[in-house]
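Peer 1: The structure file entry.pdb (PDB, C-alpha atoms and all ligand atoms) is provided below.
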```pdb
ATOM      1  CA  MET A 173     -16.998   3.218  11.791
ATOM      2  CA  LEU A 174     -14.562   1.017  13.695
ATOM      3  CA  SER A 175     -12.763   3.523  15.925
ATOM      4  CA  ILE A 176     -15.281   3.914  18.770
ATOM      5  CA  CYS A 177     -16.929   1.158  20.818
ATOM      6  CA  ARG A 178     -20.701   0.987  20.212
ATOM      7  CA  GLN A 179     -21.270  -0.105  23.799
ATOM      8  CA  CYS A 180     -18.929   1.910  26.043
ATOM      9  CA  GLY A 181     -17.694   4.712  23.779
ATOM     10  CA  ASN A 182     -14.046   3.711  24.168
ATOM     11  CA  TYR A 183     -11.784   5.101  21.426
ATOM     12  CA  HIS A 184      -9.890   2.010  20.400
ATOM     13  CA  THR A 185      -6.121   2.181  20.692
ATOM     14  CA  GLU A 186      -5.819  -1.594  20.633
ATOM     15  CA  TYR A 187      -7.959  -4.403  19.298
ATOM     16  CA  GLN A 188      -8.428  -7.996  20.339
ATOM     17  CA  PHE A 189      -9.079  -9.655  17.000
ATOM     18  CA  GLU A 190     -11.111 -12.748  16.267
ATOM     19  CA  GLU A 191     -11.763 -14.124  12.748
ATOM     20  CA  VAL A 192     -14.255 -11.468  11.548
ATOM     21  CA  ALA A 193     -14.685  -9.435  14.722
ATOM     22  CA  PHE A 194     -12.779  -7.701  17.470
ATOM     23  CA  LEU A 195     -13.445  -7.313  21.167
ATOM     24  CA  CYS A 196     -13.342  -3.921  22.882
ATOM     25  CA  VAL A 197     -10.508  -4.176  25.405
ATOM     26  CA  ASN A 198     -12.481  -1.893  27.757
ATOM     27  CA  CYS A 199     -15.885  -3.633  27.902
ATOM     28  CA  GLY A 200     -15.565  -6.796  25.802
ATOM     29  CA  TYR A 201     -18.155  -5.697  23.205
ATOM     30  CA  ARG A 202     -17.832  -7.844  20.086
ATOM     31  CA  GLN A 203     -17.829  -5.817  16.858
ATOM     32  CA  GLU A 204     -18.074  -7.700  13.586
ATOM     33  CA  PHE A 205     -16.447  -6.298  10.463
ATOM     34  CA  VAL A 206     -15.654  -7.257   6.863
ATOM     35  CA  ARG A 207     -12.174  -8.774   6.698
ATOM     36  CA  LEU A 208     -10.469  -9.101   3.311
ATOM     37  CA  PRO A 209      -6.917  -9.199   1.964
ATOM     38  CA  LEU A 210      -4.978  -5.975   1.526
ATOM     39  CA  PHE A 211      -3.138  -5.505  -1.747
ATOM     40  CA  VAL A 212      -0.069  -3.261  -1.921
ATOM     41  CA  ILE A 213       1.520  -2.032  -5.140
ATOM     42  CA  THR A 214       4.939  -0.670  -4.309
ATOM     43  CA  GLY A 215       8.129   0.294  -6.121
ATOM     44  CA  ALA A 216      10.631   3.119  -6.397
ATOM     45  CA  SER A 217       9.746   6.642  -7.488
ATOM     46  CA  GLY A 218       9.522   6.557 -11.267
ATOM     47  CA  ALA A 219       8.430   2.919 -11.395
ATOM     48  CA  GLY A 220       5.040   3.983 -12.725
ATOM     49  CA  LYS A 221       2.830   3.560  -9.658
ATOM     50  CA  SER A 222       0.728   6.711 -10.039
ATOM     51  CA  THR A 223       0.132   6.175 -13.742
ATOM     52  CA  ILE A 224      -0.897   2.598 -13.178
ATOM     53  CA  ALA A 225      -3.107   3.459 -10.194
ATOM     54  CA  LEU A 226      -5.443   5.561 -12.307
ATOM     55  CA  HIS A 227      -5.619   2.983 -15.096
ATOM     56  CA  LEU A 228      -6.315   0.244 -12.570
ATOM     57  CA  ALA A 229      -9.017   2.299 -10.884
ATOM     58  CA  HIS A 230     -10.766   2.720 -14.224
ATOM     59  CA  ARG A 231     -10.608  -1.005 -14.915
ATOM     60  CA  LEU A 232     -11.605  -2.382 -11.496
ATOM     61  CA  SER A 233     -15.092  -2.401 -10.085
ATOM     62  CA  ASP A 234     -14.594  -5.036  -7.387
ATOM     63  CA  PHE A 235     -11.428  -3.538  -5.846
ATOM     64  CA  VAL A 236     -10.878  -0.010  -4.519
ATOM     65  CA  VAL A 237      -7.595   1.620  -5.513
ATOM     66  CA  LEU A 238      -6.145   4.243  -3.153
ATOM     67  CA  GLU A 239      -2.884   6.066  -3.766
ATOM     68  CA  VAL A 240      -1.191   6.649  -0.423
ATOM     69  CA  ASP A 241       0.252  10.011  -1.502
ATOM     70  CA  THR A 242      -3.329  11.285  -1.191
ATOM     71  CA  PHE A 243      -2.877  11.079   2.590
ATOM     72  CA  LEU A 244       0.504  12.790   2.836
ATOM     73  CA  GLN A 245      -0.818  15.740   4.841
ATOM     74  CA  CYS A 246      -3.142  13.666   7.012
ATOM     75  CA  ALA A 247      -0.649  11.978   9.311
ATOM     76  CA  PRO A 248       2.884  12.741  10.517
ATOM     77  CA  LEU A 249       5.823  11.486   8.482
ATOM     78  CA  ASN A 250       8.137  10.351  11.252
ATOM     79  CA  ILE A 251      11.330   8.736   9.989
ATOM     80  CA  ASP A 252      12.224   7.594  13.524
ATOM     81  CA  SER A 253       9.206   5.282  13.602
ATOM     82  CA  ASP A 254       9.782   4.189   9.983
ATOM     83  CA  TYR A 255       6.629   6.206   9.114
ATOM     84  CA  ARG A 256       4.394   3.921  11.183
ATOM     85  CA  GLU A 257       1.884   6.710  11.996
ATOM     86  CA  PHE A 258       1.439   7.449   8.312
ATOM     87  CA  ARG A 259       1.179   3.774   7.359
ATOM     88  CA  ASP A 260      -1.360   3.163  10.084
ATOM     89  CA  TYR A 261      -3.443   6.101   8.869
ATOM     90  CA  CYS A 262      -3.497   4.560   5.371
ATOM     91  CA  LEU A 263      -4.618   1.248   6.873
ATOM     92  CA  ARG A 264      -7.338   2.994   8.890
ATOM     93  CA  VAL A 265      -8.796   4.507   5.725
ATOM     94  CA  ALA A 266      -8.439   1.175   3.901
ATOM     95  CA  ARG A 267     -10.228  -0.788   6.650
ATOM     96  CA  GLU A 268     -13.188   1.631   6.499
ATOM     97  CA  VAL A 269     -13.406   1.457   2.694
ATOM     98  CA  MET A 270     -13.190  -2.345   2.937
ATOM     99  CA  GLN A 271     -16.447  -2.389   4.917
ATOM    100  CA  HIS A 272     -18.222  -1.915   1.567
ATOM    101  CA  GLY A 273     -17.150  -5.460   0.747
ATOM    102  CA  HIS A 274     -14.345  -4.714  -1.698
ATOM    103  CA  PRO A 275     -10.622  -5.322  -1.136
ATOM    104  CA  VAL A 276      -8.401  -2.240  -1.137
ATOM    105  CA  VAL A 277      -5.317  -1.805  -3.294
ATOM    106  CA  LEU A 278      -2.873   0.629  -1.662
ATOM    107  CA  VAL A 279      -0.497   2.146  -4.196
ATOM    108  CA  GLY A 280       2.697   3.701  -2.866
ATOM    109  CA  SER A 281       6.261   2.935  -1.899
ATOM    110  CA  ALA A 282       6.571   0.541   1.032
ATOM    111  CA  THR A 283       8.722  -2.400   1.993
ATOM    112  CA  PRO A 284       7.388  -5.538   3.686
ATOM    113  CA  GLY A 285       7.241  -5.056   7.428
ATOM    114  CA  GLN A 286       6.190  -1.400   7.422
ATOM    115  CA  TYR A 287       2.446  -2.080   7.305
ATOM    116  CA  GLU A 288       2.782  -5.268   9.320
ATOM    117  CA  SER A 289       4.010  -3.277  12.340
ATOM    118  CA  CYS A 290       0.838  -1.137  12.424
ATOM    119  CA  LEU A 291      -2.145  -1.496  14.760
ATOM    120  CA  ASN A 292      -4.704  -1.633  11.953
ATOM    121  CA  ILE A 293      -3.087  -4.426   9.966
ATOM    122  CA  GLY A 294      -5.168  -6.797  12.127
ATOM    123  CA  PHE A 295      -8.277  -5.847  10.144
ATOM    124  CA  PHE A 296      -6.958  -7.571   7.016
ATOM    125  CA  SER A 297      -6.904 -11.308   6.367
ATOM    126  CA  LYS A 298      -3.508 -11.051   4.684
ATOM    127  CA  ILE A 299      -1.268  -8.580   2.901
ATOM    128  CA  VAL A 300      -0.116  -9.260  -0.650
ATOM    129  CA  TYR A 301       2.610  -7.285  -2.411
ATOM    130  CA  CYS A 302       3.385  -6.451  -5.987
ATOM    131  CA  ALA A 303       6.467  -4.384  -6.836
ATOM    132  CA  LEU A 304       6.750  -2.409 -10.048
ATOM    133  CA  VAL A 305      10.373  -2.424 -11.172
ATOM    134  CA  THR A 306      12.290  -1.161 -14.176
ATOM    135  CA  ASP A 307      15.764  -1.272 -15.678
ATOM    136  CA  ASN A 308      18.029   1.201 -13.907
ATOM    137  CA  ALA A 309      18.664   3.227 -17.055
ATOM    138  CA  VAL A 310      14.924   3.574 -17.704
ATOM    139  CA  LEU A 311      14.255   4.603 -14.105
ATOM    140  CA  ALA A 312      17.038   7.214 -14.127
ATOM    141  CA  GLN A 313      15.721   8.639 -17.370
ATOM    142  CA  ARG A 314      12.177   8.925 -16.014
ATOM    143  CA  LEU A 315      13.384  10.689 -12.856
ATOM    144  CA  GLU A 316      15.721  13.099 -14.653
ATOM    145  CA  VAL A 317      12.868  14.674 -16.602
ATOM    146  CA  ARG A 318      10.622  15.204 -13.596
ATOM    147  CA  PRO A 319       9.903  18.814 -12.579
ATOM    148  CA  ASP A 320      12.043  20.229  -9.760
ATOM    149  CA  TRP A 321       9.162  20.479  -7.289
ATOM    150  CA  ARG A 322       8.975  16.690  -7.076
ATOM    151  CA  ALA A 323      12.570  16.622  -5.772
ATOM    152  CA  SER A 324      13.229  13.375  -7.661
ATOM    153  CA  SER A 325      15.644  14.581 -10.321
ATOM    154  CA  HIS A 326      18.652  15.345  -8.099
ATOM    155  CA  PRO A 327      21.495  12.855  -8.819
ATOM    156  CA  GLN A 328      21.650  11.795  -5.158
ATOM    157  CA  GLN A 329      17.902  11.128  -5.091
ATOM    158  CA  ILE A 330      18.131   9.172  -8.334
ATOM    159  CA  ASP A 331      20.858   6.977  -6.801
ATOM    160  CA  ILE A 332      18.638   6.296  -3.776
ATOM    161  CA  MET A 333      15.787   5.258  -6.065
ATOM    162  CA  LEU A 334      18.029   3.032  -8.199
ATOM    163  CA  THR A 335      19.123   1.224  -5.020
ATOM    164  CA  TYR A 336      15.484   0.961  -3.874
ATOM    165  CA  ASN A 337      14.429  -0.385  -7.269
ATOM    166  CA  GLN A 338      17.196  -2.999  -7.103
ATOM    167  CA  TRP A 339      16.177  -3.955  -3.554
ATOM    168  CA  PHE A 340      12.798  -5.159  -4.807
ATOM    169  CA  LYS A 341      14.432  -7.304  -7.484
ATOM    170  CA  ASP A 342      16.926  -8.806  -5.034
ATOM    171  CA  ASN A 343      14.369  -9.517  -2.309
ATOM    172  CA  ALA A 344      11.305 -10.572  -4.294
ATOM    173  CA  ALA A 345      11.742 -14.268  -3.553
ATOM    174  CA  LYS A 346      12.544 -13.706   0.120
ATOM    175  CA  PHE A 347       9.389 -11.664   0.767
ATOM    176  CA  GLY A 348       7.081 -13.271  -1.781
ATOM    177  CA  LEU A 349       6.793 -10.115  -3.869
ATOM    178  CA  TYR A 350       5.132 -10.376  -7.260
ATOM    179  CA  LEU A 351       7.377  -8.444  -9.641
ATOM    180  CA  VAL A 352       6.137  -6.586 -12.686
ATOM    181  CA  ASP A 353       8.913  -5.140 -14.841
ATOM    182  CA  ASN A 354       7.479  -2.343 -16.947
ATOM    183  CA  SER A 355      10.742  -1.167 -18.541
ATOM    184  CA  THR A 356       9.508  -2.019 -22.007
ATOM    185  CA  GLN A 357       5.880  -3.011 -21.364
ATOM    186  CA  SER A 358       3.024  -0.831 -22.528
ATOM    187  CA  ILE A 359       0.735   0.568 -19.847
ATOM    188  CA  GLU A 360      -1.975  -1.767 -21.060
ATOM    189  CA  ASP A 361       0.293  -4.806 -20.643
ATOM    190  CA  THR A 362       1.341  -3.682 -17.156
ATOM    191  CA  VAL A 363      -2.283  -3.215 -16.180
ATOM    192  CA  GLY A 364      -2.976  -6.707 -17.557
ATOM    193  CA  SER A 365      -0.198  -8.175 -15.391
ATOM    194  CA  LEU A 366      -1.612  -6.447 -12.325
ATOM    195  CA  LEU A 367      -5.154  -7.625 -13.045
ATOM    196  CA  ASN A 368      -3.835 -11.195 -13.261
ATOM    197  CA  TRP A 369      -2.027 -10.749  -9.946
ATOM    198  CA  LEU A 370      -5.086  -9.290  -8.207
ATOM    199  CA  ASN A 371      -7.409 -11.983  -9.469
ATOM    200  CA  SER A 372      -5.087 -14.858  -8.634
ATOM    201  CA  SER A 373      -3.884 -13.780  -5.190
TER     202      SER A 373
HETATM  203 ZN    ZN A 401     -16.372  -1.033  24.748
END
```
Let me see the file written as structure tokens.
Ligand SMILES: [Zn+2]
Peer 2:
Amino acid sequence: MLSICRQCGNYHTEYQFEEVAFLCVNCGYRQEFVRLPLFVITGASGAGKSTIALHLAHRLSDFVVLEVDTFLQCAPLNIDSDYREFRDYCLRVAREVMQHGHPVVLVGSATPGQYESCLNIGFFSKIVYCALVTDNAVLAQRLEVRPDWRASSHPQQIDIMLTYNQWFKDNAAKFGLYLVDNSTQSIEDTVGSLLNWLNSS
């Protein structure tokens, strides 16, 4: 909906944003769009993101929940660009969904700065983060019992995820992350915490 200029047919590779519109850099055509906040639920593998995503989706009618793993084969995963192509693809889908008038909740591992470096972040009024975290012992236990195909249960991979999990705890204040520790919480309580966060952000 927002990739091609209605007036000149230009395929947008850059946008000149105004409050609720952008100008085509080729012909100056002003395209209005719905601009809302973007919500990101992040956390290490094993933090419970996928489980929570489905529960949230069932509970929310005024937000749209999208799990970013859904798009894994849709855009290149380029470590050299810090996965910017993949992140930008997620944002492109989110900006289109947002045109229905509902904010999007992207669920998937990300650290602050990765979405902010993407072209399509300009479509959102702000980006708000929540990180799901757990105790290290709980996280390790969850990862150890995962099936081999998920490649999460190798000791080296578990160590990486424990460090990632700790990073969110250590940097929450610095980046304004809302932390939800679900080590001992029930799913229902975690969902309740996330609903509070979404409705108060
Ligand atoms: Zn144009």
Peer 1: Taking only C-alpha atoms into account, name the residue in A:Leu263, A:Asp361, A:Ala247, A:Gly220 that is nearest to Ile293 (chain A).
Peer 2: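 Residue with the minimum atom-to-atom distance to Ile293 (chain A): A:Leu263.
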Peer 1: Could you give me the residues within 9 Å of ligand ZN 401 (chain A), counting all atoms listed in the file, as a ChimeraX atom specification?
Peer 2: /A:176-184,195-202
Peer 1: Using all atoms listed in the file, find the one residue out of A:Leu349, A:Ile330, A:Ile251, A:Leu174 that sits nearest to Val269 (chain A).
Peer 2: A:Leu174
Peer 1: The PyMOL selection byres (((chain A and resi 260) around 8) and not hetatm) - which residues does that actually catch in the file I just gave you? List them as a list in words.
Peer 2: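 Those residues are Arg256, Glu257, Phe258, Arg259, Tyr261, Cys262, Leu263, Arg264, Tyr287, Cys290, Leu291, Asn292 and Ile293 of chain A.
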Peer 1: Would you be able to write out as a PyMOL selection string which residues have an atom within 12 Å of (11.0, 10.0, -17.8) in the file's coordinates, counting all atoms listed in the file?
Peer 2: chain A and resi 217-220+306+308-319+324-325+330+355
